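Structure data follow from my_file-v5.pdb (PDB, N, CA and C atoms):
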MODEL        1
ATOM      1  N   MET A   1       7.536  39.603  20.328  1.00  0.00           N
ATOM      2  CA  MET A   1       7.590  41.000  20.000  1.00  0.00           C
ATOM      3  C   MET A   1       6.247  41.661  20.299  1.00  0.00           C
ATOM      4  N   ALA A   2       5.196  40.895  20.265  1.00  0.00           N
ATOM      5  CA  ALA A   2       3.881  41.471  20.544  1.00  0.00           C
ATOM      6  C   ALA A   2       3.806  41.978  21.986  1.00  0.00           C
ATOM      7  N   THR A   3       4.505  41.343  22.900  1.00  0.00           N
ATOM      8  CA  THR A   3       4.462  41.734  24.304  1.00  0.00           C
ATOM      9  C   THR A   3       5.386  42.904  24.607  1.00  0.00           C
ATOM     10  N   TYR A   4       6.626  42.869  24.103  1.00  0.00           N
ATOM     11  CA  TYR A   4       7.638  43.854  24.495  1.00  0.00           C
ATOM     12  C   TYR A   4       8.046  44.827  23.385  1.00  0.00           C
ATOM     13  N   GLY A   5       7.575  44.624  22.174  1.00  0.00           N
ATOM     14  CA  GLY A   5       7.871  45.553  21.089  1.00  0.00           C
ATOM     15  C   GLY A   5       9.213  45.306  20.436  1.00  0.00           C
ATOM     16  N   TRP A   6       9.611  46.252  19.587  1.00  0.00           N
ATOM     17  CA  TRP A   6      10.813  46.130  18.764  1.00  0.00           C
ATOM     18  C   TRP A   6      11.913  47.041  19.265  1.00  0.00           C
ATOM     19  N   GLN A   7      12.139  47.067  20.560  1.00  0.00           N
ATOM     20  CA  GLN A   7      13.206  47.867  21.148  1.00  0.00           C
ATOM     21  C   GLN A   7      14.118  46.948  21.946  1.00  0.00           C
ATOM     22  N   CYS A   8      15.421  47.068  21.726  1.00  0.00           N
ATOM     23  CA  CYS A   8      16.392  46.256  22.453  1.00  0.00           C
ATOM     24  C   CYS A   8      16.397  46.681  23.921  1.00  0.00           C
ATOM     25  N   HIS A   9      16.156  45.749  24.806  1.00  0.00           N
ATOM     26  CA  HIS A   9      16.113  46.094  26.233  1.00  0.00           C
ATOM     27  C   HIS A   9      17.511  46.358  26.790  1.00  0.00           C
ATOM     28  N   LEU A  10      18.553  46.003  26.052  1.00  0.00           N
ATOM     29  CA  LEU A  10      19.917  46.210  26.531  1.00  0.00           C
ATOM     30  C   LEU A  10      20.472  47.581  26.168  1.00  0.00           C
ATOM     31  N   CYS A  11      20.280  48.004  24.916  1.00  0.00           N
ATOM     32  CA  CYS A  11      20.835  49.294  24.503  1.00  0.00           C
ATOM     33  C   CYS A  11      19.769  50.360  24.318  1.00  0.00           C
ATOM     34  N   GLY A  12      18.500  49.954  24.266  1.00  0.00           N
ATOM     35  CA  GLY A  12      17.410  50.917  24.147  1.00  0.00           C
ATOM     36  C   GLY A  12      17.111  51.376  22.732  1.00  0.00           C
ATOM     37  N   LEU A  13      17.872  50.909  21.750  1.00  0.00           N
ATOM     38  CA  LEU A  13      17.650  51.318  20.369  1.00  0.00           C
ATOM     39  C   LEU A  13      16.653  50.378  19.683  1.00  0.00           C
ATOM     40  N   PRO A  14      15.989  50.856  18.626  1.00  0.00           N
ATOM     41  CA  PRO A  14      15.026  50.006  17.929  1.00  0.00           C
ATOM     42  C   PRO A  14      15.697  48.824  17.242  1.00  0.00           C
ATOM     43  N   ILE A  15      14.955  47.742  17.142  1.00  0.00           N
ATOM     44  CA  ILE A  15      15.395  46.555  16.422  1.00  0.00           C
ATOM     45  C   ILE A  15      14.730  46.607  15.056  1.00  0.00           C
ATOM     46  N   ASP A  16      15.519  46.481  14.013  1.00  0.00           N
ATOM     47  CA  ASP A  16      15.004  46.528  12.645  1.00  0.00           C
ATOM     48  C   ASP A  16      14.426  45.164  12.278  1.00  0.00           C
ATOM     49  N   PRO A  17      13.105  45.070  12.070  1.00  0.00           N
ATOM     50  CA  PRO A  17      12.526  43.768  11.729  1.00  0.00           C
ATOM     51  C   PRO A  17      13.004  43.238  10.381  1.00  0.00           C
ATOM     52  N   ASP A  18      13.609  44.107   9.569  1.00  0.00           N
ATOM     53  CA  ASP A  18      14.109  43.684   8.266  1.00  0.00           C
ATOM     54  C   ASP A  18      15.622  43.423   8.266  1.00  0.00           C
ATOM     55  N   ALA A  19      16.244  43.423   9.429  1.00  0.00           N
ATOM     56  CA  ALA A  19      17.689  43.170   9.507  1.00  0.00           C
ATOM     57  C   ALA A  19      18.002  41.765   9.005  1.00  0.00           C
ATOM     58  N   ARG A  20      19.148  41.646   8.392  1.00  0.00           N
ATOM     59  CA  ARG A  20      19.563  40.345   7.870  1.00  0.00           C
ATOM     60  C   ARG A  20      19.884  39.390   9.014  1.00  0.00           C
ATOM     61  N   PRO A  21      19.473  38.122   8.901  1.00  0.00           N
ATOM     62  CA  PRO A  21      19.806  37.127   9.928  1.00  0.00           C
ATOM     63  C   PRO A  21      21.312  37.032  10.136  1.00  0.00           C
ATOM     64  N   ARG A  22      21.682  36.706  11.358  1.00  0.00           N
ATOM     65  CA  ARG A  22      23.080  36.501  11.770  1.00  0.00           C
ATOM     66  C   ARG A  22      23.915  37.772  11.715  1.00  0.00           C
ATOM     67  N   THR A  23      23.255  38.936  11.767  1.00  0.00           N
ATOM     68  CA  THR A  23      23.984  40.205  11.861  1.00  0.00           C
ATOM     69  C   THR A  23      23.758  40.760  13.262  1.00  0.00           C
ATOM     70  N   PRO A  24      24.621  41.653  13.739  1.00  0.00           N
ATOM     71  CA  PRO A  24      24.445  42.204  15.086  1.00  0.00           C
ATOM     72  C   PRO A  24      23.110  42.915  15.285  1.00  0.00           C
ATOM     73  N   GLU A  25      22.515  43.445  14.221  1.00  0.00           N
ATOM     74  CA  GLU A  25      21.257  44.186  14.326  1.00  0.00           C
ATOM     75  C   GLU A  25      20.034  43.276  14.376  1.00  0.00           C
ATOM     76  N   TYR A  26      20.195  41.992  14.089  1.00  0.00           N
ATOM     77  CA  TYR A  26      19.082  41.048  14.028  1.00  0.00           C
ATOM     78  C   TYR A  26      18.455  40.855  15.413  1.00  0.00           C
ATOM     79  N   MET A  27      17.194  40.488  15.453  1.00  0.00           N
ATOM     80  CA  MET A  27      16.457  40.296  16.704  1.00  0.00           C
ATOM     81  C   MET A  27      16.811  38.960  17.365  1.00  0.00           C
ATOM     82  N   SER A  28      16.911  38.988  18.682  1.00  0.00           N
ATOM     83  CA  SER A  28      17.070  37.764  19.457  1.00  0.00           C
ATOM     84  C   SER A  28      16.292  37.917  20.757  1.00  0.00           C
ATOM     85  N   ALA A  29      16.094  36.816  21.445  1.00  0.00           N
ATOM     86  CA  ALA A  29      15.430  36.833  22.749  1.00  0.00           C
ATOM     87  C   ALA A  29      16.498  36.684  23.825  1.00  0.00           C
ATOM     88  N   ASP A  30      16.638  37.689  24.678  1.00  0.00           N
ATOM     89  CA  ASP A  30      17.625  37.663  25.754  1.00  0.00           C
ATOM     90  C   ASP A  30      16.979  37.162  27.027  1.00  0.00           C
ATOM     91  N   HIS A  31      17.675  36.317  27.759  1.00  0.00           N
ATOM     92  CA  HIS A  31      17.199  35.842  29.060  1.00  0.00           C
ATOM     93  C   HIS A  31      17.637  36.831  30.135  1.00  0.00           C
ATOM     94  N   LEU A  32      16.698  37.402  30.864  1.00  0.00           N
ATOM     95  CA  LEU A  32      17.039  38.327  31.951  1.00  0.00           C
ATOM     96  C   LEU A  32      17.945  37.635  32.952  1.00  0.00           C
ATOM     97  N   ILE A  33      17.542  36.450  33.383  1.00  0.00           N
ATOM     98  CA  ILE A  33      18.394  35.578  34.200  1.00  0.00           C
ATOM     99  C   ILE A  33      18.853  34.476  33.258  1.00  0.00           C
ATOM    100  N   PRO A  34      20.131  34.458  32.903  1.00  0.00           N
ATOM    101  CA  PRO A  34      20.616  33.471  31.937  1.00  0.00           C
ATOM    102  C   PRO A  34      20.274  32.038  32.343  1.00  0.00           C
ATOM    103  N   GLN A  35      20.015  31.215  31.337  1.00  0.00           N
ATOM    104  CA  GLN A  35      19.695  29.816  31.619  1.00  0.00           C
ATOM    105  C   GLN A  35      20.833  29.138  32.373  1.00  0.00           C
ATOM    106  N   SER A  36      22.063  29.531  32.090  1.00  0.00           N
ATOM    107  CA  SER A  36      23.211  28.923  32.778  1.00  0.00           C
ATOM    108  C   SER A  36      23.241  29.274  34.261  1.00  0.00           C
ATOM    109  N   LEU A  37      22.479  30.300  34.644  1.00  0.00           N
ATOM    110  CA  LEU A  37      22.407  30.701  36.054  1.00  0.00           C
ATOM    111  C   LEU A  37      21.049  30.364  36.665  1.00  0.00           C
ATOM    112  N   GLY A  38      20.304  29.464  36.022  1.00  0.00           N
ATOM    113  CA  GLY A  38      19.032  29.006  36.564  1.00  0.00           C
ATOM    114  C   GLY A  38      17.807  29.690  35.997  1.00  0.00           C
ATOM    115  N   GLY A  39      17.973  30.560  35.024  1.00  0.00           N
ATOM    116  CA  GLY A  39      16.840  31.248  34.410  1.00  0.00           C
ATOM    117  C   GLY A  39      16.011  30.311  33.553  1.00  0.00           C
ATOM    118  N   THR A  40      14.754  30.656  33.413  1.00  0.00           N
ATOM    119  CA  THR A  40      13.835  29.830  32.636  1.00  0.00           C
ATOM    120  C   THR A  40      13.683  30.368  31.220  1.00  0.00           C
ATOM    121  N   HIS A  41      13.128  29.549  30.361  1.00  0.00           N
ATOM    122  CA  HIS A  41      12.860  29.933  28.972  1.00  0.00           C
ATOM    123  C   HIS A  41      11.372  30.288  28.850  1.00  0.00           C
ATOM    124  N   THR A  42      10.908  31.171  29.748  1.00  0.00           N
ATOM    125  CA  THR A  42       9.515  31.596  29.765  1.00  0.00           C
ATOM    126  C   THR A  42       9.426  33.081  29.447  1.00  0.00           C
ATOM    127  N   LEU A  43       8.252  33.535  29.013  1.00  0.00           N
ATOM    128  CA  LEU A  43       8.067  34.907  28.561  1.00  0.00           C
ATOM    129  C   LEU A  43       8.474  35.934  29.613  1.00  0.00           C
ATOM    130  N   ASP A  44       8.231  35.655  30.890  1.00  0.00           N
ATOM    131  CA  ASP A  44       8.579  36.633  31.922  1.00  0.00           C
ATOM    132  C   ASP A  44      10.092  36.779  32.113  1.00  0.00           C
ATOM    133  N   ASN A  45      10.882  35.859  31.543  1.00  0.00           N
ATOM    134  CA  ASN A  45      12.336  35.936  31.645  1.00  0.00           C
ATOM    135  C   ASN A  45      12.993  36.311  30.309  1.00  0.00           C
ATOM    136  N   LEU A  46      12.200  36.577  29.287  1.00  0.00           N
ATOM    137  CA  LEU A  46      12.725  36.892  27.959  1.00  0.00           C
ATOM    138  C   LEU A  46      12.424  38.323  27.576  1.00  0.00           C
ATOM    139  N   ARG A  47      13.363  38.971  26.900  1.00  0.00           N
ATOM    140  CA  ARG A  47      13.172  40.329  26.390  1.00  0.00           C
ATOM    141  C   ARG A  47      13.829  40.425  25.019  1.00  0.00           C
ATOM    142  N   PRO A  48      13.298  41.280  24.142  1.00  0.00           N
ATOM    143  CA  PRO A  48      13.920  41.446  22.824  1.00  0.00           C
ATOM    144  C   PRO A  48      15.267  42.160  22.936  1.00  0.00           C
ATOM    145  N   ALA A  49      16.202  41.731  22.117  1.00  0.00           N
ATOM    146  CA  ALA A  49      17.537  42.342  22.107  1.00  0.00           C
ATOM    147  C   ALA A  49      18.155  42.163  20.729  1.00  0.00           C
ATOM    148  N   HIS A  50      19.041  43.083  20.369  1.00  0.00           N
ATOM    149  CA  HIS A  50      19.838  42.873  19.164  1.00  0.00           C
ATOM    150  C   HIS A  50      20.691  41.628  19.388  1.00  0.00           C
ATOM    151  N   MET A  51      20.919  40.873  18.347  1.00  0.00           N
ATOM    152  CA  MET A  51      21.754  39.690  18.479  1.00  0.00           C
ATOM    153  C   MET A  51      23.158  40.062  18.969  1.00  0.00           C
ATOM    154  N   GLY A  52      23.689  41.194  18.490  1.00  0.00           N
ATOM    155  CA  GLY A  52      25.009  41.640  18.928  1.00  0.00           C
ATOM    156  C   GLY A  52      25.048  42.005  20.398  1.00  0.00           C
ATOM    157  N   CYS A  53      24.017  42.700  20.883  1.00  0.00           N
ATOM    158  CA  CYS A  53      23.956  43.061  22.312  1.00  0.00           C
ATOM    159  C   CYS A  53      23.851  41.806  23.172  1.00  0.00           C
ATOM    160  N   ASN A  54      22.995  40.886  22.751  1.00  0.00           N
ATOM    161  CA  ASN A  54      22.780  39.655  23.497  1.00  0.00           C
ATOM    162  C   ASN A  54      24.066  38.828  23.546  1.00  0.00           C
ATOM    163  N   ALA A  55      24.736  38.694  22.416  1.00  0.00           N
ATOM    164  CA  ALA A  55      25.977  37.911  22.376  1.00  0.00           C
ATOM    165  C   ALA A  55      27.069  38.559  23.218  1.00  0.00           C
ATOM    166  N   SER A  56      27.134  39.880  23.200  1.00  0.00           N
ATOM    167  CA  SER A  56      28.144  40.580  23.992  1.00  0.00           C
ATOM    168  C   SER A  56      27.901  40.424  25.487  1.00  0.00           C
ATOM    169  N   ARG A  57      26.651  40.388  25.851  1.00  0.00           N
ATOM    170  CA  ARG A  57      26.323  40.243  27.272  1.00  0.00           C
ATOM    171  C   ARG A  57      26.666  38.853  27.783  1.00  0.00           C
ATOM    172  N   GLY A  58      26.402  37.823  26.988  1.00  0.00           N
ATOM    173  CA  GLY A  58      26.635  36.459  27.450  1.00  0.00           C
ATOM    174  C   GLY A  58      25.775  36.162  28.670  1.00  0.00           C
ATOM    175  N   ASN A  59      26.386  35.626  29.725  1.00  0.00           N
ATOM    176  CA  ASN A  59      25.619  35.349  30.947  1.00  0.00           C
ATOM    177  C   ASN A  59      26.011  36.310  32.079  1.00  0.00           C
ATOM    178  N   LYS A  60      26.472  37.494  31.698  1.00  0.00           N
ATOM    179  CA  LYS A  60      26.858  38.499  32.697  1.00  0.00           C
ATOM    180  C   LYS A  60      25.624  39.239  33.219  1.00  0.00           C
ATOM    181  N   PRO A  61      25.717  39.843  34.409  1.00  0.00           N
ATOM    182  CA  PRO A  61      24.589  40.627  34.933  1.00  0.00           C
ATOM    183  C   PRO A  61      24.259  41.800  34.013  1.00  0.00           C
ATOM    184  N   ILE A  62      23.010  42.200  34.004  1.00  0.00           N
ATOM    185  CA  ILE A  62      22.560  43.299  33.154  1.00  0.00           C
ATOM    186  C   ILE A  62      23.089  44.625  33.677  1.00  0.00           C
ATOM    187  N   LYS A  63      23.649  45.401  32.753  1.00  0.00           N
ATOM    188  CA  LYS A  63      24.004  46.796  32.981  1.00  0.00           C
ATOM    189  C   LYS A  63      23.292  47.582  31.895  1.00  0.00           C
ATOM    190  N   ARG A  64      23.348  48.872  31.958  1.00  0.00           N
ATOM    191  CA  ARG A  64      22.760  49.701  30.920  1.00  0.00           C
ATOM    192  C   ARG A  64      23.869  50.359  30.107  1.00  0.00           C
ATOM    193  N   PRO A  65      24.242  49.757  28.952  1.00  0.00           N
ATOM    194  CA  PRO A  65      25.274  50.373  28.133  1.00  0.00           C
ATOM    195  C   PRO A  65      24.794  51.672  27.502  1.00  0.00           C
ATOM    196  N   ALA A  66      25.724  52.563  27.200  1.00  0.00           N
ATOM    197  CA  ALA A  66      25.393  53.850  26.609  1.00  0.00           C
ATOM    198  C   ALA A  66      25.105  53.722  25.119  1.00  0.00           C
ATOM    199  N   ARG A  67      25.606  52.687  24.494  1.00  0.00           N
ATOM    200  CA  ARG A  67      25.366  52.464  23.072  1.00  0.00           C
ATOM    201  C   ARG A  67      25.289  50.972  22.840  1.00  0.00           C
ATOM    202  N   ARG A  68      25.164  50.569  21.608  1.00  0.00           N
ATOM    203  CA  ARG A  68      25.037  49.142  21.317  1.00  0.00           C
ATOM    204  C   ARG A  68      26.205  48.377  21.921  1.00  0.00           C
ATOM    205  N   ALA A  69      25.891  47.337  22.624  1.00  0.00           N
ATOM    206  CA  ALA A  69      26.896  46.614  23.400  1.00  0.00           C
ATOM    207  C   ALA A  69      28.012  46.036  22.549  1.00  0.00           C
ATOM    208  N   TRP A  70      27.724  45.624  21.328  1.00  0.00           N
ATOM    209  CA  TRP A  70      28.774  45.029  20.515  1.00  0.00           C
ATOM    210  C   TRP A  70      29.760  46.075  20.000  1.00  0.00           C
ATOM    211  N   GLN A  71      29.455  47.352  20.191  1.00  0.00           N
ATOM    212  CA  GLN A  71      30.342  48.423  19.763  1.00  0.00           C
ATOM    213  C   GLN A  71      31.167  48.982  20.924  1.00  0.00           C
ATOM    214  N   SER A  72      31.062  48.389  22.084  1.00  0.00           N
ATOM    215  CA  SER A  72      31.794  48.904  23.250  1.00  0.00           C
ATOM    216  C   SER A  72      32.192  47.749  24.149  1.00  0.00           C
ATOM    217  N   ASN A  73      32.713  48.055  25.302  1.00  0.00           N
ATOM    218  CA  ASN A  73      33.043  47.014  26.285  1.00  0.00           C
ATOM    219  C   ASN A  73      32.034  47.043  27.429  1.00  0.00           C
ATOM    220  N   ALA A  74      30.770  47.240  27.098  1.00  0.00           N
ATOM    221  CA  ALA A  74      29.713  47.437  28.084  1.00  0.00           C
ATOM    222  C   ALA A  74      29.568  46.271  29.063  1.00  0.00           C
ATOM    223  N   TRP A  75      29.978  45.072  28.677  1.00  0.00           N
ATOM    224  CA  TRP A  75      29.777  43.913  29.552  1.00  0.00           C
ATOM    225  C   TRP A  75      31.069  43.478  30.227  1.00  0.00           C
ATOM    226  N   GLN A  76      32.133  44.252  30.096  1.00  0.00           N
ATOM    227  CA  GLN A  76      33.408  43.844  30.705  1.00  0.00           C
ATOM    228  C   GLN A  76      33.637  44.552  31.998  1.00  0.00           C
TER     229      GLN A  76
ENDMDL
END
Let me see the structure of the file written as C-alpha cells.
Amino acid sequence: MATYGWQCHLCGLPIDPDARPRTPEYMSADHLIPQSLGGTHTLDNLRPAHMGCNASRGNKPIKRPARRAWQSNAWQ
C-alpha cells in the first residue's frame, strides 16, 4: 500500500483499511498479469484491489468497470 496507495486499481474507488476481512470491500493484491497466465508475484505485477473486484476479475484481461466489479458483470 505504501507504493500504490489505498485505491482499487480496478474500480478506482478507495479501499477502506478498516474493512472487515473476507468482505468484498477488503484489500487484496491483484496480479496485473495473472499467475495462471505467467505473471509473477513481484511488486511491479501487483496492484491494490478490493477483494470483490479481484475475485470477480479472476484471470480475465483488465477492463475498466464503471463501478465495483462485484456489483456488475464487468468481467463477463
Worksheet entry | Backbone-only DSSP, helix (DSSP H, G or I) members of chain A, as a PyMOL selection string | chain A and resi 35-37+43-45+51-57+69-71
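Compared by their closest atoms to A:Cys8, and using all atoms listed in the file, the residues A:Tyr26, A:Pro48, A:Arg57, A:Gly39 rank with A:Pro48 nearest.
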Fill in: Computed interatomic separation between atom CA of A:Leu32 and atom CA of A:Ala2 (Å)
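Pair atom CA of A:Leu32 / atom CA of A:Ala2 returns 17.7 Å.
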Worksheet item: Quick one, how far is atom CA of A:Lys60 from atom CA of A:Ala19?
Response: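 It comes out at 25.4 Å.
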Worksheet entry | Å distance separating atom CA of A:Pro24 from atom CA of A:Gly38, one decimal place | 25.8 Å
Item to complete: Counting all atoms listed in the file, figure out which residue out of A:Met1, A:His9, A:Gly58, A:Ala29 gets nearest to A:Leu46.
Response: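 For A:Leu46, the nearest of the candidates is A:Ala29.
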Item to complete: Check the smallest atom-to-atom distance from each of A:His50, A:Asn45, A:Ile33, A:Ser28 to A:Pro14 using only C-alpha atoms, then report the winner.
Response: A:His50
